[in-house]
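Printed here is data.txt (compact mmCIF, C-alpha atoms):
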```
# COMPACT_ATOMS: atom_id res chain seq x y z
CA MET T 237 -4.88 153.58 112.62
CA ARG T 238 -6.60 150.44 111.35
CA ALA T 239 -8.75 150.35 114.47
CA SER T 240 -10.22 153.82 114.00
CA VAL T 241 -10.93 153.15 110.30
CA ASP T 242 -12.77 149.96 111.26
CA PHE T 243 -14.65 151.78 114.02
CA ARG T 244 -15.91 154.37 111.54
CA ALA T 245 -16.87 151.58 109.11
CA GLY T 246 -18.94 150.06 111.93
CA LEU T 247 -20.75 153.36 112.52
CA HIS T 248 -21.63 153.32 108.83
CA ASP T 249 -22.77 149.66 108.93
CA SER T 250 -25.36 150.40 111.62
CA LEU T 251 -27.06 153.29 109.76
CA PRO T 252 -29.80 151.01 108.33
CA VAL T 253 -30.51 149.90 111.91
CA ALA T 254 -31.33 153.53 112.79
CA LEU T 255 -34.15 153.49 110.22
CA GLY T 256 -35.72 150.57 112.04
CA TYR T 257 -34.72 151.31 115.63
CA VAL T 258 -35.67 154.97 115.94
CA PRO T 259 -39.35 154.59 114.88
CA LEU T 260 -39.72 151.23 116.64
CA GLY T 261 -38.11 152.74 119.75
CA ILE T 262 -40.56 155.66 119.59
CA SER T 263 -43.52 153.25 119.45
CA TYR T 264 -42.06 151.25 122.36
CA GLY T 265 -41.59 154.45 124.38
CA MET T 266 -45.23 155.43 123.74
CA PHE T 267 -46.38 151.91 124.55
CA ALA T 268 -44.41 151.90 127.82
CA HIS T 269 -46.03 155.20 128.80
CA SER T 270 -49.49 153.86 127.93
CA VAL T 271 -49.12 150.91 130.33
CA GLY T 272 -47.97 153.29 133.08
CA LEU T 273 -44.17 153.11 133.01
CA PRO T 274 -42.39 156.43 133.79
CA TRP T 275 -40.25 157.63 130.86
CA TRP T 276 -36.93 157.13 132.64
CA LEU T 277 -37.83 153.49 133.37
CA ALA T 278 -38.57 153.00 129.67
CA THR T 279 -35.06 154.34 128.98
CA MET T 280 -33.68 151.98 131.65
CA THR T 281 -35.29 148.95 129.98
CA ALA T 282 -33.81 150.05 126.64
CA LEU T 283 -30.37 150.21 128.27
CA VAL T 284 -30.53 147.15 130.53
CA ILE T 285 -32.84 144.61 128.84
CA TYR T 286 -32.24 145.76 125.24
CA ALA T 287 -34.28 143.03 123.55
CA GLY T 288 -37.16 144.67 121.65
CA SER T 289 -40.02 142.19 122.01
CA MET T 290 -39.07 141.29 125.60
CA GLU T 291 -39.15 144.97 126.57
CA PHE T 292 -42.77 145.23 125.46
CA VAL T 293 -43.62 142.28 127.71
CA ALA T 294 -41.38 143.55 130.52
CA ALA T 295 -43.09 146.97 130.58
CA GLY T 296 -46.34 145.30 131.63
CA MET T 297 -44.54 143.05 134.12
CA LEU T 298 -42.75 145.99 135.76
CA VAL T 299 -46.00 147.90 136.22
CA ALA T 300 -47.85 144.83 137.56
CA GLY T 301 -44.89 143.75 139.74
CA ALA T 302 -44.79 140.26 138.25
CA GLN T 303 -43.18 137.27 139.99
CA LEU T 304 -39.43 136.95 139.36
CA ALA T 305 -39.85 133.32 138.23
CA THR T 306 -42.50 134.33 135.69
CA ALA T 307 -40.22 137.07 134.35
CA ALA T 308 -37.28 134.65 134.06
CA THR T 309 -39.34 131.97 132.26
CA THR T 310 -40.85 134.49 129.87
CA ALA T 311 -37.44 136.02 129.08
CA LEU T 312 -36.07 132.52 128.49
CA PHE T 313 -38.74 131.71 125.91
CA VAL T 314 -39.12 135.09 124.24
CA ASN T 315 -35.35 135.44 123.81
CA SER T 316 -34.51 131.78 123.18
CA ARG T 317 -33.70 132.58 119.55
CA HIS T 318 -30.69 134.61 120.75
CA LEU T 319 -29.12 131.33 121.85
CA VAL T 320 -27.90 130.69 118.31
CA TYR T 321 -26.84 134.19 117.24
CA GLY T 322 -23.45 133.91 118.91
CA LEU T 323 -22.63 130.95 116.67
CA SER T 324 -22.37 133.17 113.61
CA VAL T 325 -21.16 136.51 115.00
CA PRO T 326 -17.44 136.36 115.91
CA LEU T 327 -17.55 138.48 119.07
CA GLU T 328 -14.47 136.65 120.38
CA ARG T 329 -12.52 139.03 118.13
CA VAL T 330 -13.26 141.85 120.59
CA ARG T 331 -10.11 141.63 122.73
CA ASN T 332 -11.03 143.78 125.72
CA PRO T 333 -13.13 141.57 128.07
CA LEU T 334 -15.40 144.43 129.18
CA LEU T 335 -16.06 145.52 125.59
CA ARG T 336 -16.63 141.89 124.61
CA ALA T 337 -19.19 141.52 127.40
CA TYR T 338 -20.87 144.67 126.12
CA THR T 339 -21.08 143.38 122.55
CA ILE T 340 -22.65 140.15 123.88
CA HIS T 341 -25.18 142.27 125.80
CA ALA T 342 -25.91 144.15 122.55
CA LEU T 343 -26.30 141.05 120.35
CA THR T 344 -29.87 141.75 119.24
CA ASP T 345 -31.79 140.56 116.17
CA GLU T 346 -30.63 143.67 114.31
CA MET T 347 -26.97 143.38 115.35
CA TYR T 348 -27.07 139.77 114.14
CA ALA T 349 -28.71 140.77 110.86
CA VAL T 350 -26.12 143.46 110.14
CA CYS T 351 -23.19 141.20 111.03
CA ILE T 352 -24.27 138.28 108.82
CA SER T 353 -24.74 140.71 105.93
CA LEU T 354 -21.04 141.63 106.07
CA PRO T 355 -18.10 139.45 105.00
CA ARG T 356 -16.98 137.53 108.07
CA ASN T 357 -13.33 138.58 107.80
CA ALA T 358 -14.36 142.26 107.74
CA LEU T 359 -15.83 141.95 111.23
CA THR T 360 -12.91 143.13 113.35
CA GLY T 361 -13.17 143.93 117.05
CA PRO T 362 -13.45 147.73 116.68
CA ARG T 363 -16.01 147.36 113.92
CA LEU T 364 -18.19 145.04 116.05
CA VAL T 365 -17.99 147.43 119.01
CA ALA T 366 -18.98 150.37 116.78
CA ILE T 367 -21.98 148.50 115.33
CA ALA T 368 -23.13 147.38 118.79
CA ALA T 369 -22.79 150.77 120.51
CA SER T 370 -24.31 152.87 117.73
CA ALA T 371 -27.25 150.47 117.26
CA GLN T 372 -28.07 150.61 120.97
CA PHE T 373 -27.75 154.39 120.89
CA TYR T 374 -30.47 154.54 118.21
CA TRP T 375 -32.74 152.26 120.25
CA VAL T 376 -32.30 154.19 123.51
CA PHE T 377 -32.72 157.50 121.67
CA GLY T 378 -35.97 156.37 119.99
CA THR T 379 -37.39 154.90 123.20
CA THR T 380 -36.64 158.02 125.24
CA LEU T 381 -38.08 160.27 122.53
CA GLY T 382 -41.32 158.26 122.38
CA ALA T 383 -41.73 158.01 126.15
CA VAL T 384 -41.00 161.72 126.78
CA PHE T 385 -43.32 162.75 123.94
CA ALA T 386 -46.14 160.60 125.36
CA THR T 387 -45.53 162.12 128.81
CA LEU T 388 -45.65 165.72 127.54
CA VAL T 389 -48.58 165.34 125.13
CA PRO T 390 -51.67 164.16 127.00
CA LEU T 391 -53.26 161.80 124.47
CA ASP T 392 -54.99 158.50 125.10
CA LEU T 393 -52.34 156.21 123.62
CA SER T 394 -53.68 152.99 125.14
CA PHE T 395 -54.31 151.58 121.65
CA MET T 396 -50.50 151.50 121.32
CA GLY T 397 -50.76 148.35 123.44
CA PHE T 398 -51.62 146.53 120.24
CA ALA T 399 -48.01 147.11 119.16
CA ILE T 400 -46.93 144.01 121.06
CA VAL T 401 -49.53 141.80 119.31
CA ALA T 402 -48.55 143.19 115.90
CA LEU T 403 -44.85 142.72 116.66
CA PHE T 404 -45.32 139.03 117.52
CA VAL T 405 -47.47 138.51 114.41
CA ILE T 406 -44.60 139.94 112.33
CA LEU T 407 -41.97 137.84 114.13
CA ALA T 408 -44.09 134.69 113.69
CA ILE T 409 -44.43 135.32 109.94
CA ASN T 410 -40.70 136.07 109.63
CA ALA T 411 -39.85 132.88 111.51
CA ALA T 412 -42.16 130.80 109.32
CA LYS T 413 -40.72 132.36 106.17
CA ALA T 414 -37.14 131.77 107.27
CA SER T 415 -37.71 128.15 108.31
CA GLY T 416 -40.51 127.22 105.91
CA GLU T 417 -42.32 125.61 108.86
CA TRP T 418 -45.84 126.92 108.20
CA ALA T 419 -47.43 123.77 109.63
CA LEU T 420 -45.63 124.35 112.93
CA LEU T 421 -46.97 127.92 112.97
CA ALA T 422 -50.48 126.44 112.84
CA VAL T 423 -49.57 123.87 115.51
CA GLY T 424 -48.28 126.64 117.79
CA LEU T 425 -51.47 128.67 117.36
CA ALA T 426 -53.67 125.62 117.98
CA LEU T 427 -51.76 124.57 121.11
CA ALA T 428 -51.96 128.11 122.48
CA VAL T 429 -55.71 128.32 121.92
CA VAL T 430 -56.25 124.92 123.58
CA ALA T 431 -54.03 126.01 126.50
CA ALA T 432 -56.05 129.24 126.85
CA PHE T 433 -59.21 127.18 127.30
CA ILE T 434 -57.79 124.51 129.63
CA VAL T 435 -55.42 126.56 131.82
CA PRO T 436 -56.29 130.23 131.22
CA GLU T 437 -54.15 131.52 134.10
CA ALA T 438 -50.95 129.72 132.99
CA MET T 439 -51.69 129.69 129.28
CA MET T 440 -48.34 131.03 128.03
CA PHE T 441 -46.27 128.62 130.07
CA ALA T 442 -48.43 125.59 129.16
CA GLY T 443 -48.53 126.57 125.49
CA LEU T 444 -44.75 127.08 125.28
CA ILE T 445 -43.96 123.78 127.04
CA ALA T 446 -46.44 121.91 124.82
CA TYR T 447 -44.88 123.43 121.71
CA CYS T 448 -41.36 122.54 122.89
CA VAL T 449 -42.44 118.93 123.33
CA VAL T 450 -43.90 118.88 119.81
CA ALA T 451 -40.74 120.48 118.37
CA VAL T 452 -38.48 117.92 120.10
CA GLY T 453 -40.72 115.16 118.73
CA VAL T 454 -40.54 116.57 115.20
CA VAL T 455 -36.73 116.77 115.37
CA VAL T 456 -36.48 113.18 116.69
CA VAL T 457 -38.77 111.80 113.96
CA ARG T 458 -37.04 113.73 111.19
CA ARG T 459 -33.57 112.71 112.34
CA ARG T 460 -34.63 109.05 112.34
CA ARG T 461 -35.71 109.52 108.76
CA GLY T 462 -32.48 111.34 108.00
CA ILE T 463 -34.17 114.66 107.26
CA HIS T 464 -32.31 117.79 108.30
CA PRO T 465 -33.42 121.38 107.95
CA THR T 466 -32.35 122.62 104.54
CA THR T 467 -31.74 126.13 105.81
CA GLN T 468 -28.24 127.01 106.89
CA PRO T 469 -28.45 127.70 110.63
CA ASN T 470 -25.86 130.48 110.46
CA ARG T 471 -27.60 132.37 107.70
CA THR T 472 -31.36 132.37 108.09
CA MET T 473 -32.09 132.43 111.76
CA PRO T 474 -35.84 132.68 112.17
CA GLY T 475 -37.54 135.17 114.37
CA THR T 476 -35.33 138.10 113.58
CA THR T 477 -36.89 141.48 113.19
CA LEU T 478 -34.44 143.06 110.85
CA PRO T 479 -33.67 140.60 108.05
CA ALA T 480 -37.06 141.35 106.59
CA HIS T 481 -36.28 144.99 106.98
CA THR T 482 -32.73 144.94 105.68
CA ARG T 483 -33.95 143.37 102.48
CA GLU T 484 -35.49 146.72 101.64
CA ILE T 485 -32.46 148.77 102.56
CA PRO T 486 -29.39 148.26 100.39
CA ILE T 487 -26.79 147.25 102.93
CA VAL T 488 -23.19 146.92 101.81
CA GLY T 489 -22.75 143.42 100.43
CA ASP T 490 -26.33 142.49 101.33
CA ASP T 491 -26.62 138.80 100.59
CA THR T 492 -29.58 137.95 102.80
CA ASN T 493 -31.80 137.71 99.71
CA GLU T 494 -30.40 134.54 98.28
CA GLU T 495 -31.45 132.49 101.30
CA ASP T 496 -35.01 133.73 101.21
CA PRO T 497 -37.06 130.55 100.83
CA ARG T 498 -40.09 132.19 99.21
CA MET Q 107 -44.23 149.85 141.78
CA ASN Q 108 -41.84 148.81 144.53
CA PRO Q 109 -38.39 150.14 143.47
CA TRP Q 110 -36.56 147.07 144.81
CA HIS Q 111 -38.88 144.69 143.01
CA THR Q 112 -38.52 146.75 139.82
CA ALA Q 113 -34.71 146.55 140.11
CA ALA Q 114 -34.92 142.80 140.77
CA LEU Q 115 -37.16 142.25 137.72
CA LEU Q 116 -34.80 144.25 135.49
CA THR Q 117 -31.82 142.28 136.81
CA VAL Q 118 -33.48 138.88 136.31
CA ILE Q 119 -34.61 139.67 132.76
CA TRP Q 120 -31.17 141.09 131.90
CA ALA Q 121 -29.39 138.05 133.38
CA VAL Q 122 -31.50 135.53 131.44
CA THR Q 123 -31.14 137.48 128.19
CA PHE Q 124 -27.39 137.93 128.65
CA ALA Q 125 -26.92 134.24 129.51
CA LEU Q 126 -28.74 133.25 126.29
CA ARG Q 127 -26.58 135.59 124.22
CA ALA Q 128 -23.35 134.52 125.93
CA ALA Q 129 -24.03 130.75 125.91
CA PRO Q 130 -22.52 130.08 122.45
CA PHE Q 131 -19.24 131.68 123.54
CA ALA Q 132 -19.11 129.55 126.68
CA ALA Q 133 -20.14 126.30 124.97
CA SER Q 134 -19.37 127.15 121.37
CA ARG Q 135 -17.78 123.84 120.37
CA TRP Q 136 -20.39 121.63 121.98
CA LEU Q 137 -23.26 123.63 120.50
CA ARG Q 138 -21.68 123.82 117.08
CA GLU Q 139 -21.21 120.07 117.02
CA ASN Q 140 -24.63 119.21 118.40
CA ASP Q 141 -26.98 118.80 115.44
CA PHE Q 142 -29.96 118.11 117.68
CA VAL Q 143 -29.67 121.48 119.41
CA ARG Q 144 -29.24 123.19 116.05
CA ASP Q 145 -32.27 121.48 114.48
CA LEU Q 146 -34.40 122.29 117.51
CA GLY Q 147 -33.18 125.89 117.46
CA LEU Q 148 -34.51 126.22 113.91
CA LEU Q 149 -37.97 124.94 114.85
CA LEU Q 150 -38.55 126.81 118.12
CA PRO Q 151 -38.99 130.48 117.08
CA VAL Q 152 -42.01 129.96 114.81
CA GLY Q 153 -44.10 128.18 117.45
CA VAL Q 154 -42.93 130.35 120.34
CA MET Q 155 -44.03 133.47 118.44
CA ALA Q 156 -47.40 131.83 117.63
CA VAL Q 157 -48.00 131.10 121.33
CA LEU Q 158 -47.01 134.67 122.23
CA VAL Q 159 -49.51 136.12 119.73
CA VAL Q 160 -52.35 134.16 121.35
CA GLY Q 161 -51.03 135.00 124.83
CA MET Q 162 -51.12 138.72 124.11
CA LEU Q 163 -54.71 138.44 122.80
CA GLN Q 164 -55.94 136.56 125.86
CA ASP Q 165 -57.47 139.62 127.54
CA THR Q 166 -59.52 140.55 124.46
CA PRO Q 167 -63.25 140.83 125.25
CA TRP Q 168 -64.74 138.03 123.13
CA SER Q 169 -68.42 138.77 123.78
CA GLY Q 170 -70.40 140.88 121.30
CA TRP Q 171 -68.19 142.78 118.85
CA GLY Q 172 -65.29 143.23 121.28
CA TRP Q 173 -63.06 140.86 119.34
CA VAL Q 174 -63.30 142.76 116.04
CA PRO Q 175 -60.48 145.34 116.59
CA SER Q 176 -57.96 142.69 117.75
CA ILE Q 177 -58.71 140.13 115.05
CA ALA Q 178 -58.86 142.78 112.30
CA GLY Q 179 -55.60 144.28 113.64
CA VAL Q 180 -53.90 140.88 113.40
CA GLY Q 181 -55.33 140.40 109.89
CA VAL Q 182 -54.15 143.82 108.67
CA THR Q 183 -50.68 143.33 110.21
CA ALA Q 184 -50.28 139.90 108.58
CA ALA Q 185 -51.65 141.03 105.20
CA LEU Q 186 -49.34 144.07 105.10
CA HIS Q 187 -46.40 141.91 106.09
CA PHE Q 188 -47.07 139.37 103.35
CA TRP Q 189 -47.53 142.20 100.87
CA ARG Q 190 -44.59 144.54 101.56
CA ASP Q 191 -42.39 142.65 104.05
CA SER Q 192 -41.61 145.87 105.91
CA VAL Q 193 -41.64 145.58 109.72
CA LEU Q 194 -42.41 149.24 110.26
CA LEU Q 195 -45.28 149.41 107.74
CA SER Q 196 -46.91 146.23 109.12
CA LEU Q 197 -46.57 147.51 112.69
CA VAL Q 198 -47.97 150.99 112.03
CA GLY Q 199 -50.75 149.64 109.76
CA GLY Q 200 -51.82 147.02 112.32
CA ILE Q 201 -51.86 149.50 115.22
CA ALA Q 202 -53.78 152.05 113.12
CA ALA Q 203 -56.42 149.47 112.10
CA TYR Q 204 -56.82 148.41 115.74
CA GLY Q 205 -56.99 152.00 117.02
CA VAL Q 206 -59.59 153.10 114.45
CA LEU Q 207 -61.79 150.02 114.95
CA LEU Q 208 -61.64 150.51 118.72
CA LEU Q 209 -63.37 153.87 118.19
CA VAL Q 210 -65.86 152.56 115.60
CA VAL Q 211 -66.95 149.23 117.10
CA PRO Q 212 -69.63 149.59 119.81
```
Show me, as structure tokens, the structure contained in the file I just sent.
Amino acid sequence: MRASVDFRAGLHDSLPVALGYVPLGISYGMFAHSVGLPWWLATMTALVIYAGSMEFVAAGMLVAGAQLATAATTALFVNSRHLVYGLSVPLERVRNPLLRAYTIHALTDEMYAVCISLPRNALTGPRLVAIAASAQFYWVFGTTLGAVFATLVPLDLSFMGFAIVALFVILAINAAKASGEWALLAVGLALAVVAAFIVPEAMMFAGLIAYCVVAVGVVVVRRRRGIHPTTQPNRTMPGTTLPAHTREIPIVGDDTNEEDPR
Amino acid sequence: MNPWHTAALLTVIWAVTFALRAAPFAASRWLRENDFVRDLGLLLPVGVMAVLVVGMLQDTPWSGWGWVPSIAGVGVTAALHFWRDSVLLSLVGGIAAYGVLLLVVP
């Protein structure tokens, strides 16, 4: 009995995600069509990759037939923020190993944002599974809708390609807000511009490596001086898409506001 | 698109993403106790996103007025995001500004 009550609570928890995922999914579906991806492949990426910003990049890579190593490196960097999500979402409470693997697969920015907005002891296995599955349903639904619409209605939607630039601008601002590291935002931009001039054909890789080196250096220097980030790592993970969004939607027990460093 | 290469790309991207998401459950204790990893994890996203913004703008035509739609699109997206802090509004506003300027700018 308890399990089905928790499952229904989880379906309710993910409703705010639908408000973000359906329209974003539609724009991704249209974007995927504009770069030349068939609609069913857009749906496949929503099911298999299921990492918003990486899907935008992957759509172009799939059409161009990118190198596997390039795809792996890009996925590693674009999704590196996911490395820390598992620390604060207790997916080990999902008993069934297959379902647990699924919830790990579905641990997106939005899943993370919803889970940290709920009291930790309320996150039971069935509730986590319900949040994960319903959130991905909204994403796949939106993506398919957008891609099929773009296929049926012959419009020049190539300007939708700007969606990926806008999305990264938003994620960069969110990350800077969450961490308060505005100087590092400027450093990242500067390094990328320099890399674009020096090694235009491997600009992303060079820029990302250079930034990693700088970030390691900053951490080393700060630790020597005994300075630690003031933000709680399990509460204000930078780079998430939804926290900014959830602030506008009254989620049950929404306490993401109090950590907002502005 | 070669179907086998497409399947391989999907698999590789899925595997890397899944490994990143699963890592804390495999090495939870070590990661939790390692302050260096945690501190670095807090600093990485902001710079990675900055590099990605520039990377996505790399193919912009910089001669003449070709750069106006992209730069104005970035400006509108950022301004809207500072103003209202709504992902959807910033995204739609930025794309609209870019799309309109693409038609207007010679």
Coordinates-based distance that separates atom CA of Asp165 of chain Q from atom CA of Val405 of chain T (Å, one decimal):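 Separation of atom CA of Val405 of chain T and atom CA of Asp165 of chain Q: 16.5 Å.
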Atomic separation - atom CA of Tyr264 of chain T relative to atom CA of Ala428 of chain T, Å: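 According to the coordinates, atom CA of Ala428 of chain T and atom CA of Tyr264 of chain T are separated by 25.2 Å.
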Determine, counting all atoms listed in the file, which protein, DNA and RNA residues have an atom within 10 Å of an atom of Thr310 of chain T; residues of the same chain fewer than 5 positions away are not included. Present the result as a compact mmCIF listing (two decimals) with C-alpha atoms, in the frame of the given file.
```txt
# COMPACT_ATOMS: atom_id res chain seq x y z
CA MET T 290 -39.07 141.29 125.60
CA VAL T 293 -43.62 142.28 127.71
CA ALA T 294 -41.38 143.55 130.52
CA LEU T 304 -39.43 136.95 139.36
CA ALA T 305 -39.85 133.32 138.23
CA ASN T 315 -35.35 135.44 123.81
CA SER T 316 -34.51 131.78 123.18
CA MET T 440 -48.34 131.03 128.03
CA PHE T 441 -46.27 128.62 130.07
CA LEU T 444 -44.75 127.08 125.28
CA ILE Q 119 -34.61 139.67 132.76
CA VAL Q 122 -31.50 135.53 131.44
CA LEU Q 158 -47.01 134.67 122.23
```
Within 7 Å of chain T: residues of chain Q, using all atoms listed in the file, as number ranges by chain: Q: 107, 111-112, 115-116, 118-120, 122-124, 126-131, 134, 145-146, 148-162, 180, 183-184, 187, 191-193, 197, 200-201, 205
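With atom CA of His248 of chain T on one side and atom CA of Ala368 of chain T on the other, the separation reads 11.7 Å.
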Nearby residues (all atoms listed in the file) at most 12 Å from Arg363 of chain T, same-chain spacing under 2 positions excluded, as an NGL selection string: :T and (238-250 or 326-327 or 329-330 or 335 or 339 or 347 or 350-351 or 354 or 356-361 or 365-370)
Nearest to Leu207 of chain Q by atom-to-atom distance, counting all atoms listed in the file, from Q:Asn108, Q:Asn140, Q:Ser176, Q:Thr166: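 Smallest distance to Leu207 of chain Q is found for Q:Ser176.
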Box in all listed atoms of segment 155-172 of chain Q, axis-aligned, with 6 Å more on each side; write out centre and edge lengths in Å to one decimal as AutoDock Vina command-line options.
```
--center_x -57.2 --center_y 137.2 --center_z 122.6 --size_x 38.4 --size_y 24.1 --size_z 21.9
```
